[in-house]
Amino acid sequence: MSVKFVAVGDIGPDRDDPATIFDAVRDRLKVADLGFCQLEVNLTTRGQRLPQARHTIRGRSQIADALVDANLELVSFAGNHCLDWGQEGLLDTLAELERAGAVQMGTGENISAARAPAIIERNGVSIGVLAVNSILPMTYWAEDKRAGCAPLRAHTVYEQIEHDQPGTPARIHTFSHRGDLDALVEGVRALRPIVDVVIVSHHAGIHFVPAVIPDYQREVAHAVIDAGADLVLGHHAHILKGIEVYKGRTIAYSLANFAIDLVMDEAHARSKGFREIQKLNPDWVPDFSSRYNFPPDSAMSVALEARLDRDGVSDLRFVPIMIGKDAMPRIVDPGHADFARIGRYLQDISDTAELGSVVAVSGDAFEVRSRA
């Protein structure tokens, strides 16, 4: 008994028929028995946009149906957009996902609901998923009497390197909020005896900056694996980040974008908010004719495929994906130059002193193992 599992990164269609964004990959996704994604938009017509929301849209209710139709029925909504349209927007989104038959984790009407795992059984295998979010506009986290996401807050410390040289760059250290990390670790430990496979979803990291993984993100990933998690899925950065194999378990620090429309006009390109984040990736040049206005690195993505059974996770591979100007993900064939390009990129960002991973071709995908 086993489950064919697929996981992809950020999802946020903004088109008349959201399902069309999956047209080129739907057949591959449907081979799986179970699929996971991160939802980046509220499915609502209600609520007021919160002032701390940076870029946001109102997503169509049909997005929920499109996810389920594409086999992406395990949905994390624990991200930095979960409360963009207030509590009405969040609760509407949860209702739409439930209506369509999706299973959501990571947000809820209070902190207990947000921290609750999703547990699903497929082909005689039970899978438990916990989702947390470290990218937190003020008040986006749930509390006892407030809807929101399950938080994994992180703190930043700047260390001046040369004390006699004012204005020189500092070292940046980050570490997890102890209470939030303890709650997540306790959640994993409670889940471990009652399911066959434990997966942790973590919305985290430094967006748009190639390769760099902050300390707190690795701290969280290692802590949950030490507590019994079998797989860690990262997202938010909008570009691929390195892959680590820790104690035999895979940590994908960012699965990158998968199916997001982002149309940009000149007014938005000139805005202070955009110009601030544009500095994070100097190759980022808006294309007003494109539906996909992200840095060049964001064209590369992956779909994680694995087998889940009562012994855990096996046969884990990363299928290379390229995203075009039409914002549609497409699988890259091994004979195409982009196949080698994505493989080299994954190797460069994964074979570091910290991660120590080796990326190798495995049929039409890539396997990742520890160099140690």
# chains A, B, ... in the order shown; residues from 1 in each chain; ligands from 1
call {"tool": "residues_around", "arguments": {"residues": "A:Ala114", "least_positions_apart": "2", "cutoff": "12 Å", "atoms": "only C-alpha atoms", "output": "count of residues only"}}
result
41
call {"tool": "residues_around", "arguments": {"residues": "A:Trp284", "least_positions_apart": "2", "cutoff": "7 Å", "atoms": "only C-alpha atoms", "output": "ChimeraX atom specification"}}
result
/A:278,281-282,286,294-296
call {"tool": "write_last_selection", "arguments": {"atoms": "C-alpha atoms", "output": "CSV table (one decimal), in the first residue's frame"}}
result
chain,number,residue,atom,x,y,z
A,278,GLN,CA,13.1,45.0,-7.1
A,281,ASN,CA,17.1,40.8,-7.5
A,282,PRO,CA,18.9,43.2,-9.9
A,286,PRO,CA,9.1,44.3,-15.6
A,294,PHE,CA,8.9,38.0,-11.7
A,295,PRO,CA,12.7,37.9,-11.8
A,296,PRO,CA,14.3,35.6,-14.4
call {"tool": "residues_around", "arguments": {"residues": "A:Asp333", "least_positions_apart": "2", "cutoff": "10 Å", "atoms": "only C-alpha atoms", "output": "compact mmCIF listing (two decimals) with N, CA and C atoms, in the first residue's frame"}}
result
# COMPACT_ATOMS: atom_id res chain seq x y z
N VAL A 319 10.77 17.16 -10.37
CA VAL A 319 10.49 17.27 -11.80
C VAL A 319 10.68 18.73 -12.21
N PRO A 320 11.54 19.01 -13.21
CA PRO A 320 11.81 20.40 -13.58
C PRO A 320 10.63 21.04 -14.32
N ILE A 321 10.38 22.29 -13.97
CA ILE A 321 9.27 23.06 -14.52
C ILE A 321 9.80 24.40 -15.00
N ARG A 330 5.18 24.41 -17.22
CA ARG A 330 5.33 23.34 -18.20
C ARG A 330 6.49 22.43 -17.79
N ILE A 331 6.29 21.14 -17.92
CA ILE A 331 7.33 20.17 -17.59
C ILE A 331 8.41 20.24 -18.66
N GLY A 335 15.79 16.27 -22.81
CA GLY A 335 16.61 16.71 -23.94
C GLY A 335 16.66 18.21 -24.13
N HIS A 336 15.87 18.96 -23.40
CA HIS A 336 15.80 20.41 -23.56
C HIS A 336 16.90 21.09 -22.75
N ALA A 337 17.41 22.20 -23.27
CA ALA A 337 18.48 22.93 -22.58
C ALA A 337 18.05 23.39 -21.19
N ASP A 338 16.77 23.69 -21.01
CA ASP A 338 16.30 24.14 -19.70
C ASP A 338 16.37 23.03 -18.64
N PHE A 339 16.36 21.78 -19.07
CA PHE A 339 16.50 20.67 -18.12
C PHE A 339 17.86 20.76 -17.44
N ALA A 340 18.90 20.90 -18.24
CA ALA A 340 20.26 21.04 -17.69
C ALA A 340 20.40 22.34 -16.91
N GLY A 363 16.08 9.80 -14.65
CA GLY A 363 15.06 9.77 -15.68
C GLY A 363 14.69 11.16 -16.14
N ASP A 364 13.43 11.53 -15.95
CA ASP A 364 12.99 12.86 -16.39
C ASP A 364 12.94 13.85 -15.23
N ALA A 365 13.71 13.55 -14.15
CA ALA A 365 13.68 14.40 -12.96
C ALA A 365 15.06 14.41 -12.31
call {"tool": "residues_around", "arguments": {"residues": "stretch 7-18 of chain A", "least_positions_apart": "5", "cutoff": "6 Å", "atoms": "only C-alpha atoms", "output": "ChimeraX atom specification"}}
result
/A:35-41,63,235,255-261,303-304
call {"tool": "write_last_selection", "arguments": {"atoms": "N, CA and C atoms", "output": "PDB file, in the first residue's frame"}}
result
ATOM      1  N   GLY A  35      -2.061  15.544  -3.846  1.00  0.00           N
ATOM      2  CA  GLY A  35      -1.193  16.662  -4.172  1.00  0.00           C
ATOM      3  C   GLY A  35      -1.314  17.794  -3.172  1.00  0.00           C
ATOM      4  N   PHE A  36      -0.207  18.542  -3.009  1.00  0.00           N
ATOM      5  CA  PHE A  36      -0.111  19.657  -2.065  1.00  0.00           C
ATOM      6  C   PHE A  36       0.261  20.930  -2.797  1.00  0.00           C
ATOM      7  N   CYS A  37      -0.251  22.071  -2.298  1.00  0.00           N
ATOM      8  CA  CYS A  37       0.168  23.376  -2.820  1.00  0.00           C
ATOM      9  C   CYS A  37       0.003  24.432  -1.727  1.00  0.00           C
ATOM     10  N   GLN A  38       0.551  25.618  -1.992  1.00  0.00           N
ATOM     11  CA  GLN A  38       0.418  26.779  -1.117  1.00  0.00           C
ATOM     12  C   GLN A  38      -0.445  27.814  -1.827  1.00  0.00           C
ATOM     13  N   LEU A  39      -1.571  28.177  -1.231  1.00  0.00           N
ATOM     14  CA  LEU A  39      -2.476  29.155  -1.828  1.00  0.00           C
ATOM     15  C   LEU A  39      -2.073  30.565  -1.413  1.00  0.00           C
ATOM     16  N   GLU A  40      -1.949  31.461  -2.382  1.00  0.00           N
ATOM     17  CA  GLU A  40      -1.446  32.808  -2.153  1.00  0.00           C
ATOM     18  C   GLU A  40      -2.509  33.896  -2.266  1.00  0.00           C
ATOM     19  N   VAL A  41      -3.759  33.540  -2.514  1.00  0.00           N
ATOM     20  CA  VAL A  41      -4.802  34.549  -2.697  1.00  0.00           C
ATOM     21  C   VAL A  41      -6.039  34.189  -1.889  1.00  0.00           C
ATOM     22  N   ILE A  63     -11.071  29.089  -8.196  1.00  0.00           N
ATOM     23  CA  ILE A  63      -9.705  28.621  -7.930  1.00  0.00           C
ATOM     24  C   ILE A  63      -9.738  27.363  -7.072  1.00  0.00           C
ATOM     25  N   HIS A 235       8.118  27.276   0.945  1.00  0.00           N
ATOM     26  CA  HIS A 235       7.594  28.118  -0.136  1.00  0.00           C
ATOM     27  C   HIS A 235       7.593  29.554   0.349  1.00  0.00           C
ATOM     28  N   LEU A 255       9.980  25.556  -2.924  1.00  0.00           N
ATOM     29  CA  LEU A 255       9.510  24.936  -4.155  1.00  0.00           C
ATOM     30  C   LEU A 255       9.206  25.970  -5.231  1.00  0.00           C
ATOM     31  N   ALA A 256       9.369  27.260  -4.879  1.00  0.00           N
ATOM     32  CA  ALA A 256       9.219  28.358  -5.830  1.00  0.00           C
ATOM     33  C   ALA A 256       7.761  28.547  -6.258  1.00  0.00           C
ATOM     34  N   ASN A 257       7.556  29.403  -7.227  1.00  0.00           N
ATOM     35  CA  ASN A 257       6.224  29.596  -7.807  1.00  0.00           C
ATOM     36  C   ASN A 257       5.835  28.362  -8.607  1.00  0.00           C
ATOM     37  N   PHE A 258       4.538  28.193  -8.778  1.00  0.00           N
ATOM     38  CA  PHE A 258       4.071  27.132  -9.670  1.00  0.00           C
ATOM     39  C   PHE A 258       3.029  27.660 -10.642  1.00  0.00           C
ATOM     40  N   ALA A 259       2.023  28.352 -10.157  1.00  0.00           N
ATOM     41  CA  ALA A 259       0.945  28.815 -11.048  1.00  0.00           C
ATOM     42  C   ALA A 259       0.403  30.142 -10.529  1.00  0.00           C
ATOM     43  N   ILE A 260       1.113  31.222 -10.856  1.00  0.00           N
ATOM     44  CA  ILE A 260       0.735  32.558 -10.390  1.00  0.00           C
ATOM     45  C   ILE A 260       0.703  33.522 -11.571  1.00  0.00           C
ATOM     46  N   ASP A 261      -0.406  34.231 -11.708  1.00  0.00           N
ATOM     47  CA  ASP A 261      -0.466  35.345 -12.653  1.00  0.00           C
ATOM     48  C   ASP A 261      -0.004  36.615 -11.937  1.00  0.00           C
ATOM     49  N   ALA A 303       8.323  20.305  -9.395  1.00  0.00           N
ATOM     50  CA  ALA A 303       7.255  19.575  -8.714  1.00  0.00           C
ATOM     51  C   ALA A 303       7.910  18.408  -8.004  1.00  0.00           C
ATOM     52  N   LEU A 304       7.694  18.326  -6.706  1.00  0.00           N
ATOM     53  CA  LEU A 304       8.257  17.227  -5.920  1.00  0.00           C
ATOM     54  C   LEU A 304       7.330  16.019  -6.047  1.00  0.00           C
TER      55      LEU A 304
END
call {"tool": "residues_around", "arguments": {"residues": "A:Thr250", "least_positions_apart": "4", "cutoff": "6 Å", "atoms": "only C-alpha atoms", "output": "ChimeraX atom specification"}}
result
/A:231,244-245
call {"tool": "write_last_selection", "arguments": {"atoms": "C-alpha atoms", "output": "tab-separated table (two decimals), in the first residue's frame"}}
result
chain	number	residue	atom	x	y	z
A	231	LEU	CA	9.37	15.77	4.86
A	244	GLU	CA	18.95	19.52	2.15
A	245	VAL	CA	18.89	15.89	3.24
call {"tool": "closest_residue", "arguments": {"among": "A:Ser298, A:Gly167, A:Ala227, A:Ala32", "to": "A:Val185", "atoms": "only C-alpha atoms"}}
result
A:Ala227
call {"tool": "select_by_dssp", "arguments": {"residues": "stretch 280-361 of chain A", "states": "strand (DSSP E)", "output": "number ranges by chain"}}
result
A: 300-309, 312-323, 329-331, 357-361
call {"tool": "write_last_selection", "arguments": {"atoms": "C-alpha atoms", "output": "PDB file, in the first residue's frame"}}
result
ATOM      1  CA  MET A 300      12.484  27.873 -12.966  1.00  0.00           C
ATOM      2  CA  SER A 301      10.464  25.653 -10.649  1.00  0.00           C
ATOM      3  CA  VAL A 302       9.966  22.027  -9.659  1.00  0.00           C
ATOM      4  CA  ALA A 303       7.255  19.575  -8.714  1.00  0.00           C
ATOM      5  CA  LEU A 304       8.257  17.227  -5.920  1.00  0.00           C
ATOM      6  CA  GLU A 305       7.134  13.645  -6.516  1.00  0.00           C
ATOM      7  CA  ALA A 306       7.439  10.862  -3.939  1.00  0.00           C
ATOM      8  CA  ARG A 307       5.978   7.612  -2.702  1.00  0.00           C
ATOM      9  CA  LEU A 308       4.404   7.607   0.753  1.00  0.00           C
ATOM     10  CA  ASP A 309       3.811   4.376   2.656  1.00  0.00           C
ATOM     11  CA  GLY A 312       7.640   6.960   5.366  1.00  0.00           C
ATOM     12  CA  VAL A 313       8.822   8.700   2.173  1.00  0.00           C
ATOM     13  CA  SER A 314      10.710   7.079  -0.694  1.00  0.00           C
ATOM     14  CA  ASP A 315      11.453   7.499  -4.418  1.00  0.00           C
ATOM     15  CA  LEU A 316      11.571  11.288  -3.967  1.00  0.00           C
ATOM     16  CA  ARG A 317      12.389  13.270  -7.125  1.00  0.00           C
ATOM     17  CA  PHE A 318      12.113  16.832  -8.391  1.00  0.00           C
ATOM     18  CA  VAL A 319      10.489  17.275 -11.798  1.00  0.00           C
ATOM     19  CA  PRO A 320      11.808  20.403 -13.584  1.00  0.00           C
ATOM     20  CA  ILE A 321       9.270  23.057 -14.521  1.00  0.00           C
ATOM     21  CA  MET A 322       9.581  26.215 -16.607  1.00  0.00           C
ATOM     22  CA  ILE A 323       7.030  29.013 -16.326  1.00  0.00           C
ATOM     23  CA  PRO A 329       3.973  25.882 -15.724  1.00  0.00           C
ATOM     24  CA  ARG A 330       5.332  23.336 -18.199  1.00  0.00           C
ATOM     25  CA  ILE A 331       7.331  20.173 -17.588  1.00  0.00           C
ATOM     26  CA  SER A 357      23.654  18.100  -1.257  1.00  0.00           C
ATOM     27  CA  VAL A 358      24.353  16.436  -4.588  1.00  0.00           C
ATOM     28  CA  VAL A 359      21.830  16.706  -7.439  1.00  0.00           C
ATOM     29  CA  ALA A 360      21.738  13.904 -10.014  1.00  0.00           C
ATOM     30  CA  VAL A 361      19.573  13.157 -13.042  1.00  0.00           C
TER      31      VAL A 361
END
call {"tool": "residues_around", "arguments": {"residues": "A:Leu97", "least_positions_apart": "2", "cutoff": "10 Å", "atoms": "only C-alpha atoms", "output": "ChimeraX atom specification"}}
result
/A:43,61-65,67-68,73-75,91-95,99-104
call {"tool": "write_last_selection", "arguments": {"atoms": "N, CA and C atoms", "output": "PDB file, in the first residue's frame"}}
result
ATOM      1  N   LEU A  43     -10.024  33.827  -1.563  1.00  0.00           N
ATOM      2  CA  LEU A  43     -11.149  33.521  -2.446  1.00  0.00           C
ATOM      3  C   LEU A  43     -12.382  34.182  -1.850  1.00  0.00           C
ATOM      4  N   SER A  61     -13.683  32.299  -6.753  1.00  0.00           N
ATOM      5  CA  SER A  61     -14.033  31.073  -6.033  1.00  0.00           C
ATOM      6  C   SER A  61     -13.690  29.827  -6.841  1.00  0.00           C
ATOM      7  N   GLN A  62     -13.656  29.963  -8.172  1.00  0.00           N
ATOM      8  CA  GLN A  62     -13.350  28.802  -9.024  1.00  0.00           C
ATOM      9  C   GLN A  62     -11.920  28.288  -8.831  1.00  0.00           C
ATOM     10  N   ILE A  63     -11.071  29.089  -8.196  1.00  0.00           N
ATOM     11  CA  ILE A  63      -9.705  28.621  -7.930  1.00  0.00           C
ATOM     12  C   ILE A  63      -9.738  27.363  -7.072  1.00  0.00           C
ATOM     13  N   ALA A  64     -10.650  27.325  -6.106  1.00  0.00           N
ATOM     14  CA  ALA A  64     -10.762  26.137  -5.256  1.00  0.00           C
ATOM     15  C   ALA A  64     -11.076  24.900  -6.097  1.00  0.00           C
ATOM     16  N   ASP A  65     -11.998  25.021  -7.031  1.00  0.00           N
ATOM     17  CA  ASP A  65     -12.343  23.897  -7.905  1.00  0.00           C
ATOM     18  C   ASP A  65     -11.176  23.524  -8.810  1.00  0.00           C
ATOM     19  N   LEU A  67      -7.989  23.816  -8.151  1.00  0.00           N
ATOM     20  CA  LEU A  67      -6.986  23.087  -7.371  1.00  0.00           C
ATOM     21  C   LEU A  67      -7.373  21.620  -7.227  1.00  0.00           C
ATOM     22  N   VAL A  68      -8.605  21.367  -6.860  1.00  0.00           N
ATOM     23  CA  VAL A  68      -9.055  19.988  -6.669  1.00  0.00           C
ATOM     24  C   VAL A  68      -9.027  19.236  -7.996  1.00  0.00           C
ATOM     25  N   GLU A  73      -5.278  18.870  -3.695  1.00  0.00           N
ATOM     26  CA  GLU A  73      -6.368  19.014  -2.729  1.00  0.00           C
ATOM     27  C   GLU A  73      -5.884  19.288  -1.308  1.00  0.00           C
ATOM     28  N   LEU A  74      -4.595  19.089  -1.033  1.00  0.00           N
ATOM     29  CA  LEU A  74      -4.019  19.475   0.250  1.00  0.00           C
ATOM     30  C   LEU A  74      -3.497  20.896   0.104  1.00  0.00           C
ATOM     31  N   VAL A  75      -4.107  21.842   0.792  1.00  0.00           N
ATOM     32  CA  VAL A  75      -3.824  23.259   0.566  1.00  0.00           C
ATOM     33  C   VAL A  75      -3.388  23.930   1.858  1.00  0.00           C
ATOM     34  N   LEU A  91     -12.039  33.596   6.174  1.00  0.00           N
ATOM     35  CA  LEU A  91     -13.078  32.592   6.424  1.00  0.00           C
ATOM     36  C   LEU A  91     -13.820  32.218   5.142  1.00  0.00           C
ATOM     37  N   ASP A  92     -14.000  33.192   4.232  1.00  0.00           N
ATOM     38  CA  ASP A  92     -14.594  32.867   2.931  1.00  0.00           C
ATOM     39  C   ASP A  92     -13.708  31.885   2.167  1.00  0.00           C
ATOM     40  N   THR A  93     -12.407  32.102   2.234  1.00  0.00           N
ATOM     41  CA  THR A  93     -11.468  31.224   1.531  1.00  0.00           C
ATOM     42  C   THR A  93     -11.559  29.802   2.061  1.00  0.00           C
ATOM     43  N   LEU A  94     -11.603  29.669   3.376  1.00  0.00           N
ATOM     44  CA  LEU A  94     -11.716  28.333   3.965  1.00  0.00           C
ATOM     45  C   LEU A  94     -13.021  27.662   3.558  1.00  0.00           C
ATOM     46  N   ALA A  95     -14.096  28.441   3.500  1.00  0.00           N
ATOM     47  CA  ALA A  95     -15.391  27.876   3.102  1.00  0.00           C
ATOM     48  C   ALA A  95     -15.373  27.417   1.648  1.00  0.00           C
ATOM     49  N   ARG A  99     -15.911  23.646   0.323  1.00  0.00           N
ATOM     50  CA  ARG A  99     -16.977  23.376  -0.654  1.00  0.00           C
ATOM     51  C   ARG A  99     -16.457  22.563  -1.823  1.00  0.00           C
ATOM     52  N   ALA A 100     -15.232  22.898  -2.273  1.00  0.00           N
ATOM     53  CA  ALA A 100     -14.677  22.230  -3.450  1.00  0.00           C
ATOM     54  C   ALA A 100     -14.097  20.854  -3.134  1.00  0.00           C
ATOM     55  N   GLY A 101     -13.966  20.530  -1.856  1.00  0.00           N
ATOM     56  CA  GLY A 101     -13.411  19.234  -1.488  1.00  0.00           C
ATOM     57  C   GLY A 101     -11.941  19.249  -1.153  1.00  0.00           C
ATOM     58  N   ALA A 102     -11.361  20.447  -0.994  1.00  0.00           N
ATOM     59  CA  ALA A 102      -9.960  20.565  -0.602  1.00  0.00           C
ATOM     60  C   ALA A 102      -9.830  20.438   0.912  1.00  0.00           C
ATOM     61  N   VAL A 103      -8.625  20.097   1.357  1.00  0.00           N
ATOM     62  CA  VAL A 103      -8.313  19.988   2.786  1.00  0.00           C
ATOM     63  C   VAL A 103      -7.271  21.044   3.097  1.00  0.00           C
ATOM     64  N   GLN A 104      -7.638  21.987   3.972  1.00  0.00           N
ATOM     65  CA  GLN A 104      -6.767  23.116   4.279  1.00  0.00           C
ATOM     66  C   GLN A 104      -6.094  22.931   5.626  1.00  0.00           C
TER      67      GLN A 104
END
call {"tool": "residues_around", "arguments": {"residues": "A:Ile119", "least_positions_apart": "4", "cutoff": "8 Å", "atoms": "only C-alpha atoms", "output": "PyMOL selection string"}}
result
chain A and resi 126-129+195
call {"tool": "closest_residue", "arguments": {"among": "A:His81, A:Arg153, A:Arg189, A:His202", "to": "A:Arg218", "atoms": "only C-alpha atoms"}}
result
A:His202
call {"tool": "select_by_dssp", "arguments": {"residues": "stretch 9-190 of chain A", "states": "helix (DSSP H, G or I)", "output": "ChimeraX atom specification"}}
result
/A:18-22,26-30,62-69,86-100,111-115,178-190
call {"tool": "closest_residue", "arguments": {"among": "A:Val6, A:His238, A:Thr44, A:Ala70", "to": "A:Asp27", "atoms": "only C-alpha atoms"}}
result
A:Ala70
call {"tool": "atom_distance", "arguments": {"atom1": "atom CA of A:Ser201", "atom2": "atom CA of A:Val232"}}
result
5.9 Å
call {"tool": "atom_distance", "arguments": {"atom1": "atom CA of A:Arg122", "atom2": "atom CA of A:Asn42"}}
result
27.9 Å
call {"tool": "closest_residue", "arguments": {"among": "A:Arg178, A:Arg115, A:Arg192, A:Arg275", "to": "A:Asp230", "atoms": "only C-alpha atoms"}}
result
A:Arg192
call {"tool": "closest_residue", "arguments": {"among": "A:Leu262, A:Val285, A:Ala269, A:Ile243", "to": "A:Gln347", "atoms": "only C-alpha atoms"}}
result
A:Ile243
call {"tool": "closest_residue", "arguments": {"among": "A:Glu354, A:Arg28, A:Leu83, A:His177", "to": "A:Arg49", "atoms": "only C-alpha atoms"}}
result
A:Leu83
